file my_file_29.txt (compact mmCIF, C-alpha atoms)
# COMPACT_ATOMS: atom_id res chain seq x y z
CA MET A 7 -18.66 -8.51 -1.60
CA GLN A 8 -17.59 -5.08 -2.86
CA CYS A 9 -19.37 -3.48 0.11
CA MET A 10 -17.53 -5.84 2.47
CA SER A 11 -14.26 -4.93 0.76
CA ARG A 12 -14.88 -1.21 1.26
CA VAL A 13 -15.76 -1.72 4.94
CA PHE A 14 -12.65 -3.87 5.49
CA GLU A 15 -10.37 -1.38 3.71
CA GLY A 16 -11.94 1.47 5.66
CA ARG A 17 -11.22 -0.22 8.98
CA LEU A 18 -7.62 -0.90 7.99
CA HIS A 19 -7.15 2.71 6.87
CA ALA A 20 -8.55 3.92 10.19
CA MET A 21 -6.10 1.65 12.05
CA TYR A 22 -3.21 2.88 9.89
CA THR A 23 -4.15 6.53 10.38
CA ARG A 24 -4.43 6.11 14.16
CA ARG A 25 -1.06 4.35 14.22
CA MET A 26 0.66 7.19 12.35
CA ALA A 27 -1.10 10.04 14.18
CA VAL A 28 0.65 11.67 17.11
CA SER A 29 -1.59 13.52 19.64
CA SER A 30 -1.49 17.27 18.96
CA GLU A 31 0.48 16.83 15.73
CA SER A 32 -2.46 15.02 14.17
CA GLN A 33 -4.97 17.87 14.61
CA PRO A 34 -6.93 18.64 11.39
CA GLY A 35 -4.95 21.03 9.22
CA SER A 36 -1.62 20.24 10.87
CA ALA A 37 1.43 19.29 8.83
CA HIS A 38 1.28 15.77 10.26
CA ALA A 39 -2.40 15.35 9.30
CA VAL A 40 -1.63 16.53 5.76
CA TYR A 41 1.32 14.15 5.61
CA VAL A 42 -0.86 11.21 6.71
CA ALA A 43 -3.51 12.12 4.12
CA LEU A 44 -0.94 12.32 1.34
CA ARG A 45 0.72 9.05 2.41
CA HIS A 46 -2.69 7.37 2.23
CA ARG A 47 -3.19 8.69 -1.32
CA PHE A 48 0.20 7.27 -2.31
CA ALA A 49 -0.66 3.91 -0.76
CA GLU A 50 -3.92 3.81 -2.76
CA GLY A 51 -2.08 4.50 -6.01
CA ARG A 52 -4.12 7.66 -6.54
CA TYR A 53 -1.09 9.54 -7.86
CA ALA A 54 0.58 8.47 -11.10
CA PRO A 55 4.38 8.50 -11.65
CA GLY A 56 5.43 11.90 -12.94
CA GLN A 57 2.24 13.62 -11.78
CA ARG A 58 2.97 17.14 -10.61
CA LEU A 59 1.75 18.21 -7.17
CA THR A 60 1.68 21.89 -6.35
CA GLU A 61 1.21 23.37 -2.89
CA ALA A 62 -1.81 25.35 -4.05
CA ALA A 63 -3.57 22.35 -5.63
CA VAL A 64 -2.91 20.04 -2.68
CA ALA A 65 -4.02 22.72 -0.20
CA ALA A 66 -7.27 23.24 -2.13
CA ASP A 67 -7.84 19.48 -2.37
CA LEU A 68 -7.41 18.94 1.38
CA GLY A 69 -9.02 22.21 2.46
CA VAL A 70 -5.99 23.47 4.37
CA SER A 71 -3.52 26.33 4.12
CA ARG A 72 -0.31 26.03 2.10
CA THR A 73 2.01 26.09 5.14
CA PRO A 74 1.26 22.56 6.44
CA VAL A 75 1.27 21.32 2.84
CA ARG A 76 4.78 22.72 2.37
CA GLU A 77 5.98 20.93 5.50
CA ALA A 78 4.30 17.65 4.52
CA ILE A 79 5.79 17.78 1.03
CA GLY A 80 9.20 18.32 2.63
CA ARG A 81 8.79 15.00 4.46
CA LEU A 82 7.71 13.26 1.25
CA LEU A 83 10.80 14.64 -0.49
CA ALA A 84 13.01 13.24 2.27
CA GLU A 85 11.34 9.82 1.89
CA GLY A 86 11.77 9.78 -1.88
CA LEU A 87 8.05 9.66 -2.69
CA VAL A 88 8.28 12.92 -4.65
CA ILE A 89 11.09 14.72 -6.47
CA PRO A 90 11.63 18.43 -7.19
CA ALA A 91 9.89 19.72 -10.31
CA ALA A 92 9.06 23.07 -11.86
CA ARG A 93 6.59 24.97 -9.66
CA GLY A 94 6.31 22.13 -7.14
CA VAL A 95 7.15 18.45 -6.95
CA ALA A 96 6.38 15.38 -9.05
CA VAL A 97 5.55 11.84 -7.97
CA ALA A 98 8.72 9.77 -8.14
CA ALA A 99 8.83 6.85 -10.56
CA LEU A 100 10.88 3.78 -9.66
CA THR A 101 13.71 2.80 -11.94
CA ALA A 102 14.12 -0.88 -12.80
CA ALA A 103 17.08 -1.10 -10.40
CA GLU A 104 15.17 0.57 -7.56
CA ALA A 105 12.21 -1.75 -8.08
CA LYS A 106 14.50 -4.78 -7.96
CA HIS A 107 16.00 -3.65 -4.65
CA LEU A 108 12.56 -2.93 -3.19
CA PHE A 109 11.15 -6.31 -4.13
CA VAL A 110 14.11 -8.11 -2.57
CA LEU A 111 13.49 -6.19 0.65
CA ARG A 112 9.72 -6.64 0.42
CA ALA A 113 9.98 -10.42 -0.05
CA THR A 114 12.06 -10.70 3.12
CA LEU A 115 9.79 -8.42 5.16
CA GLU A 116 6.52 -9.98 4.03
CA ALA A 117 7.85 -13.49 4.62
CA LEU A 118 8.78 -12.44 8.15
CA ALA A 119 5.32 -10.90 8.68
CA ALA A 120 3.60 -14.12 7.56
CA GLU A 121 5.89 -16.22 9.77
CA LEU A 122 5.17 -14.04 12.81
CA ALA A 123 1.43 -14.13 12.14
CA ALA A 124 1.54 -17.94 11.90
CA THR A 125 3.59 -18.13 15.09
CA ARG A 126 1.00 -16.02 16.91
CA GLN A 127 -1.70 -18.34 15.56
CA ALA A 128 0.18 -21.43 16.79
CA ARG A 129 0.45 -19.86 20.24
CA GLY A 130 -3.23 -18.96 20.35
CA GLN A 131 -2.43 -15.22 20.24
CA LEU A 132 -4.22 -14.43 16.98
CA PRO A 133 -7.97 -13.90 17.47
CA PRO A 134 -10.18 -16.11 15.25
CA ALA A 135 -11.83 -12.94 13.96
CA ASP A 136 -8.48 -11.78 12.57
CA ILE A 137 -7.99 -15.05 10.69
CA ASP A 138 -11.51 -14.83 9.29
CA ALA A 139 -10.77 -11.24 8.24
CA LEU A 140 -7.76 -12.48 6.23
CA ASP A 141 -10.01 -14.94 4.38
CA ARG A 142 -12.48 -12.17 3.63
CA ALA A 143 -9.65 -9.94 2.41
CA VAL A 144 -8.52 -12.66 -0.02
CA ASP A 145 -12.12 -12.95 -1.26
CA ALA A 146 -12.28 -9.17 -1.67
CA VAL A 147 -9.15 -9.17 -3.88
CA GLU A 148 -10.59 -11.98 -6.00
CA ALA A 149 -13.91 -10.11 -6.38
CA ALA A 150 -12.11 -6.88 -7.34
CA VAL A 151 -9.96 -8.69 -9.91
CA GLN A 152 -13.09 -10.13 -11.52
CA THR A 153 -14.42 -6.61 -12.12
CA HIS A 154 -11.31 -5.90 -14.26
CA ASP A 155 -10.86 -2.65 -12.36
CA ALA A 156 -7.12 -2.49 -11.76
CA HIS A 157 -7.39 0.44 -9.35
CA ALA A 158 -9.96 -1.33 -7.15
CA SER A 159 -7.88 -4.51 -7.34
CA ALA A 160 -4.77 -2.63 -6.19
CA GLN A 161 -6.62 -1.17 -3.20
CA ALA A 162 -8.06 -4.55 -2.17
CA ASN A 163 -4.64 -6.16 -2.61
CA LEU A 164 -3.00 -3.55 -0.40
CA ALA A 165 -5.71 -4.05 2.24
CA LEU A 166 -4.89 -7.76 2.38
CA HIS A 167 -1.15 -7.20 2.71
CA ARG A 168 -1.76 -4.58 5.40
CA ALA A 169 -3.90 -7.07 7.30
CA ILE A 170 -1.13 -9.69 7.20
CA GLY A 171 1.36 -7.05 8.35
CA ALA A 172 -0.91 -6.13 11.26
CA ALA A 173 -1.40 -9.80 12.17
CA ALA A 174 2.37 -10.12 12.65
CA GLY A 175 2.03 -8.05 15.82
CA ASN A 176 5.32 -6.16 15.29
CA PRO A 177 4.75 -2.40 14.89
CA PHE A 178 8.31 -1.75 13.71
CA LEU A 179 8.00 -4.34 10.95
CA GLU A 180 4.59 -2.97 10.02
CA ASP A 181 5.92 0.59 9.79
CA THR A 182 8.77 -0.52 7.52
CA LEU A 183 6.34 -2.42 5.31
CA HIS A 184 4.12 0.64 4.97
CA ARG A 185 7.08 2.62 3.64
CA VAL A 186 7.89 -0.08 1.10
CA TRP A 187 4.24 -0.39 0.02
CA ASP A 188 3.96 3.36 -0.45
CA ARG A 189 6.97 3.43 -2.78
CA ILE A 190 5.62 0.57 -4.89
CA ALA A 191 1.93 1.52 -4.86
CA VAL A 192 2.22 4.34 -7.42
CA THR A 193 2.96 1.78 -10.13
CA THR A 194 1.13 -1.31 -8.82
CA VAL A 195 -2.10 -0.49 -10.66
CA ALA A 196 -0.45 -1.24 -14.03
CA ASN A 197 0.56 -4.71 -12.82
CA LEU A 198 -2.97 -5.62 -11.80
CA ASP A 199 -4.15 -4.54 -15.23
CA ASP A 200 -2.34 -7.66 -16.51
CA PRO A 201 -4.99 -10.44 -16.54
CA HIS A 202 -2.38 -13.20 -16.25
CA TRP A 203 -0.86 -11.77 -13.06
CA ALA A 204 -4.21 -10.69 -11.64
CA GLY A 205 -5.55 -14.20 -12.13
CA ALA A 206 -2.58 -15.81 -10.37
CA ILE A 207 -2.57 -13.83 -7.15
CA THR A 208 -5.68 -15.34 -5.53
CA GLU A 209 -4.16 -18.83 -5.28
CA GLN A 210 -0.95 -17.33 -3.91
CA HIS A 211 -2.84 -15.27 -1.35
CA ARG A 212 -4.80 -18.31 -0.20
CA ALA A 213 -1.56 -20.26 0.30
CA ILE A 214 -0.22 -17.52 2.60
CA VAL A 215 -3.41 -17.35 4.66
CA ALA A 216 -3.64 -21.14 4.81
CA GLY A 217 -0.16 -21.26 6.35
CA ILE A 218 -1.13 -18.62 8.90
CA ARG A 219 -4.40 -20.37 9.76
CA ALA A 220 -2.52 -23.69 10.21
CA GLY A 221 -0.04 -22.01 12.55
CA ASP A 222 2.79 -23.10 10.23
CA PRO A 223 5.44 -20.32 10.07
CA ALA A 224 7.56 -22.14 7.47
CA ALA A 225 4.63 -22.65 5.09
CA ALA A 226 3.28 -19.12 5.55
CA GLY A 227 6.70 -17.50 5.14
CA SER A 228 7.58 -19.59 2.11
CA ALA A 229 4.27 -18.78 0.42
CA ALA A 230 4.65 -15.06 1.13
CA LYS A 231 8.23 -14.98 -0.16
CA ALA A 232 7.27 -16.86 -3.34
CA HIS A 233 4.34 -14.50 -3.89
CA ILE A 234 6.41 -11.33 -3.65
CA GLU A 235 9.19 -12.79 -5.79
CA ALA A 236 6.57 -13.59 -8.44
CA ALA A 237 5.23 -10.04 -8.11
CA GLY A 238 8.74 -8.74 -8.69
CA ARG A 239 9.04 -10.77 -11.88
CA ALA A 240 5.67 -9.47 -13.08
CA TYR A 241 6.48 -5.89 -12.15
CA LYS A 242 6.49 -3.40 -15.01
CA PRO A 243 8.14 -0.07 -14.17
CA ALA A 244 5.63 2.53 -15.31
CA ARG A 245 6.67 5.13 -17.80
CA GLU A 246 6.68 8.53 -16.24
CA ASN A 247 3.65 10.50 -17.33
CA GLU A 248 3.79 14.08 -18.45
CA PRO A 249 3.62 16.26 -15.32
CA ARG A 250 0.04 17.26 -14.48
CA THR A 251 -1.00 20.16 -12.30
CA ALA A 252 -4.13 18.61 -10.78
CA ALA A 253 -3.61 17.20 -7.30
CA THR A 254 -6.19 14.43 -7.62
CA THR A 255 -6.00 13.18 -11.19
CA GLN A 256 -7.00 9.52 -11.36
CA PRO A 257 -4.12 7.14 -12.04
CA THR A 258 -3.70 5.45 -15.40
CA ARG A 259 -5.50 2.11 -15.47
call {"tool": "encode", "arguments": {"input": "my_file_29.txt", "output": "structure tokens"}}
result
Amino acid sequence: MQCMSRVFEGRLHAMYTRRMAVSSESQPGSAHAVYVALRHRFAEGRYAPGQRLTEAAVAADLGVSRTPVREAIGRLLAEGLVIPAARGVAVAALTAAEAKHLFVLRATLEALAAELAATRQARGQLPPADIDALDRAVDAVEAAVQTHDAHASAQANLALHRAIGAAAGNPFLEDTLHRVWDRIAVTTVANLDDPHWAGAITEQHRAIVAGIRAGDPAAAGSAAKAHIEAAGRAYKPARENEPRTAATTQPTR
């Protein structure tokens, strides 16, 4: 099951990377390629709130020069994923108010994504393989949760939500969701370290996928909205860690 989870997540990451890449801009070592790589690390929760990122450390980690790193970090600053810090930038931590706003937005967006996916299913536009992939993604989250590895659980959880976003068939909605997920991901690992919340998500995930499989937009949307609202209630804003100079320090579990 874990192998299947890694394969599924790998395919979704490849799809996400291709979607974000832009012809010549996405050449290895370009600012855009560095930006995509860093965005993926944020989405995985590989950076902890307050962790310091320096141009030199990131360049060494990615095997590129400092110039594209500087440009990529500039984009991350503009998006609010990092904030200025001594000798570089630090990963931004969400305040309680910011998290509340994000979860309100996320509940609306993910409900819409589930509704659109169910509508496509009702119209015969969603390939059976995609529906089966959603079931496998739910199983992968459940398997990861049972290992009590919050980081692996967070990655499997994100893979499932990405799959639902892709099933909606609306690239603008999907792009907006990716931005929301990236802002929340840096502190999602702590939530999935809570056994009560981790144990509740599988049933909620299955309700969303069941609505999509049945081609019932109302049921799928309602289940998705309830799930994200519950996630918002369970959300614990992480305390900002002491800044760290390493670019790839593992997040707190």
call {"tool": "closest_atom_pairs", "arguments": {"input": "my_file_29.txt", "of": "region 34-89 of chain A", "to": "region 155-169 of chain A", "cutoff": "10 Å", "atoms": "only C-alpha atoms", "output": "JSON lines"}}
result
{"residue": "A:Ala49", "atom": "CA", "partner": "A:Leu164", "partner_atom": "CA", "distance": 7.8}
{"residue": "A:Glu50", "atom": "CA", "partner": "A:Gln161", "partner_atom": "CA", "distance": 5.7}
{"residue": "A:Gly51", "atom": "CA", "partner": "A:His157", "partner_atom": "CA", "distance": 7.5}
{"residue": "A:Arg52", "atom": "CA", "partner": "A:His157", "partner_atom": "CA", "distance": 8.4}
call {"tool": "residues_around", "arguments": {"input": "my_file_29.txt", "residues": "region 89-92 of chain A", "least_positions_apart": "4", "cutoff": "10 Å", "atoms": "all atoms listed in the file", "output": "PyMOL selection string"}}
result
chain A and resi 56-60+79-80+82-85+96-99+249
call {"tool": "closest_residue", "arguments": {"input": "my_file_29.txt", "among": "A:Glu77, A:Thr101, A:Leu179, A:Ala174", "to": "Leu132 (chain A)", "atoms": "all atoms listed in the file"}}
result
A:Ala174
call {"tool": "closest_atom_pairs", "arguments": {"input": "my_file_29.txt", "of": "region 51-87 of chain A", "to": "region 36-42 of chain A", "cutoff": "12 Å", "atoms": "all atoms listed in the file", "output": "CSV"}}
result
residue,atom,partner,partner_atom,distance
A:Glu61,CA,A:Val40,CA,11.4
A:Val64,CA,A:Val40,CA,9.2
A:Ala65,CA,A:Val40,CA,8.9
A:Ala66,CA,A:Val40,CA,11.8
A:Asp67,CA,A:Val40,CA,10.6
A:Leu68,CA,A:Val40,CA,7.6
A:Gly69,CA,A:Val40,CA,9.9
A:Val70,CA,A:Val40,CA,8.3
A:Ser71,CA,A:Ser36,CA,9.3
A:Arg72,CA,A:Ala37,CA,9.7
A:Thr73,CA,A:Ala37,CA,7.8
A:Pro74,CA,A:Ala37,CA,4.1
A:Val75,CA,A:Val40,CA,6.3
A:Arg76,CA,A:Ala37,CA,8.0
A:Glu77,CA,A:Ala37,CA,5.9
A:Ala78,CA,A:Tyr41,CA,4.7
A:Ile79,CA,A:Tyr41,CA,7.4
A:Gly80,CA,A:Tyr41,CA,9.4
A:Arg81,CA,A:Tyr41,CA,7.6
A:Leu82,CA,A:Tyr41,CA,7.8
A:Leu83,CA,A:Tyr41,CA,11.3
A:Glu85,CA,A:Tyr41,CA,11.5
A:Leu87,CA,A:Tyr41,CA,11.6
call {"tool": "closest_residue", "arguments": {"input": "my_file_29.txt", "among": "A:Ala237, A:Pro177, A:Arg185, A:Ala120", "to": "Ala213 (chain A)", "atoms": "all atoms listed in the file"}}
result
A:Ala120
call {"tool": "residues_around", "arguments": {"input": "my_file_29.txt", "residues": "Ala230 (chain A)", "least_positions_apart": "3", "cutoff": "9 Å", "atoms": "all atoms listed in the file", "output": "list in words"}}
result
Ala113, Thr114, Glu116, Ala117, Leu118, Ala119, Ala120, Glu121, Gln210, His211, Ala213, Ile214, Ala225, Ala226, Gly227, His233, Ile234 and Glu235 of chain A
call {"tool": "closest_residue", "arguments": {"input": "my_file_29.txt", "among": "A:Ala63, A:Ile190, A:Leu111, A:Ile137", "to": "Val215 (chain A)", "atoms": "only C-alpha atoms"}}
result
A:Ile137
call {"tool": "atom_distance", "arguments": {"input": "my_file_29.txt", "atom1": "CA of Thr125 (chain A)", "atom2": "CA of Arg212 (chain A)"}}
result
17.4 Å
call {"tool": "decode", "arguments": {"input": "my_file_29.txt", "residues": "region 144-157 of chain A", "atoms": "all heavy atoms", "output": "compact mmCIF listing (two decimals), in the first residue's frame"}}
result
# COMPACT_ATOMS: atom_id res chain seq x y z
N VAL A 144 -7.66 7.45 -0.99
CA VAL A 144 -8.24 7.39 0.36
C VAL A 144 -7.58 6.26 1.15
O VAL A 144 -7.22 6.42 2.32
CB VAL A 144 -9.76 7.17 0.29
CG1 VAL A 144 -10.33 6.92 1.69
CG2 VAL A 144 -10.44 8.39 -0.32
N ASP A 145 -7.41 5.10 0.50
CA ASP A 145 -6.75 3.97 1.16
C ASP A 145 -5.32 4.32 1.56
O ASP A 145 -4.84 3.90 2.62
CB ASP A 145 -6.73 2.75 0.23
CG ASP A 145 -8.12 2.17 -0.01
OD1 ASP A 145 -9.03 2.43 0.81
OD2 ASP A 145 -8.29 1.45 -1.03
N ALA A 146 -4.64 5.07 0.70
CA ALA A 146 -3.26 5.45 0.98
C ALA A 146 -3.17 6.35 2.21
O ALA A 146 -2.25 6.23 3.02
CB ALA A 146 -2.65 6.15 -0.24
N VAL A 147 -4.13 7.28 2.36
CA VAL A 147 -4.15 8.14 3.54
C VAL A 147 -4.37 7.29 4.79
O VAL A 147 -3.68 7.45 5.81
CB VAL A 147 -5.25 9.22 3.44
CG1 VAL A 147 -5.28 10.06 4.72
CG2 VAL A 147 -5.00 10.13 2.23
N GLU A 148 -5.33 6.38 4.71
CA GLU A 148 -5.63 5.52 5.86
C GLU A 148 -4.40 4.70 6.26
O GLU A 148 -4.07 4.57 7.44
CB GLU A 148 -6.79 4.60 5.53
CG GLU A 148 -7.22 3.71 6.69
CD GLU A 148 -8.42 2.84 6.37
OE1 GLU A 148 -8.67 2.60 5.17
OE2 GLU A 148 -9.11 2.42 7.31
N ALA A 149 -3.70 4.14 5.25
CA ALA A 149 -2.51 3.33 5.53
C ALA A 149 -1.42 4.19 6.16
O ALA A 149 -0.73 3.75 7.10
CB ALA A 149 -2.00 2.69 4.24
N ALA A 150 -1.25 5.42 5.67
CA ALA A 150 -0.22 6.30 6.22
C ALA A 150 -0.55 6.68 7.66
O ALA A 150 0.34 6.73 8.52
CB ALA A 150 -0.09 7.55 5.35
N VAL A 151 -1.82 6.96 7.92
CA VAL A 151 -2.24 7.32 9.28
C VAL A 151 -1.94 6.19 10.26
O VAL A 151 -1.51 6.41 11.39
CB VAL A 151 -3.74 7.67 9.31
CG1 VAL A 151 -4.27 7.71 10.74
CG2 VAL A 151 -3.97 9.02 8.63
N GLN A 152 -2.12 4.95 9.81
CA GLN A 152 -1.90 3.80 10.68
C GLN A 152 -0.43 3.58 11.02
O GLN A 152 -0.12 2.88 11.98
CB GLN A 152 -2.49 2.55 10.03
CG GLN A 152 -4.01 2.56 9.98
CD GLN A 152 -4.60 1.39 9.20
OE1 GLN A 152 -3.86 0.62 8.56
NE2 GLN A 152 -5.91 1.25 9.23
N THR A 153 0.47 4.19 10.25
CA THR A 153 1.89 4.10 10.57
C THR A 153 2.28 5.10 11.65
O THR A 153 3.42 5.07 12.15
CB THR A 153 2.76 4.36 9.32
OG1 THR A 153 2.64 5.74 8.93
CG2 THR A 153 2.36 3.44 8.18
N HIS A 154 1.37 6.03 11.98
CA HIS A 154 1.62 7.09 12.97
C HIS A 154 2.77 8.00 12.53
O HIS A 154 3.45 8.58 13.38
CB HIS A 154 1.91 6.49 14.35
CG HIS A 154 0.82 5.58 14.83
ND1 HIS A 154 -0.45 6.03 15.17
CD2 HIS A 154 0.79 4.23 15.00
CE1 HIS A 154 -1.19 5.00 15.54
NE2 HIS A 154 -0.48 3.90 15.43
N ASP A 155 2.97 8.10 11.23
CA ASP A 155 3.97 9.01 10.67
C ASP A 155 3.21 10.22 10.14
O ASP A 155 2.60 10.17 9.06
CB ASP A 155 4.74 8.31 9.55
CG ASP A 155 5.86 9.18 8.98
OD1 ASP A 155 5.76 10.42 9.05
OD2 ASP A 155 6.84 8.61 8.44
N ALA A 156 3.21 11.31 10.90
CA ALA A 156 2.42 12.48 10.54
C ALA A 156 2.87 13.09 9.23
O ALA A 156 2.05 13.60 8.45
CB ALA A 156 2.49 13.53 11.65
N HIS A 157 4.18 13.04 8.95
CA HIS A 157 4.68 13.63 7.71
C HIS A 157 4.19 12.84 6.50
O HIS A 157 3.72 13.42 5.51
CB HIS A 157 6.20 13.67 7.73
CG HIS A 157 6.81 14.42 6.58
ND1 HIS A 157 6.57 15.76 6.34
CD2 HIS A 157 7.63 14.02 5.58
CE1 HIS A 157 7.22 16.14 5.26
NE2 HIS A 157 7.87 15.10 4.78
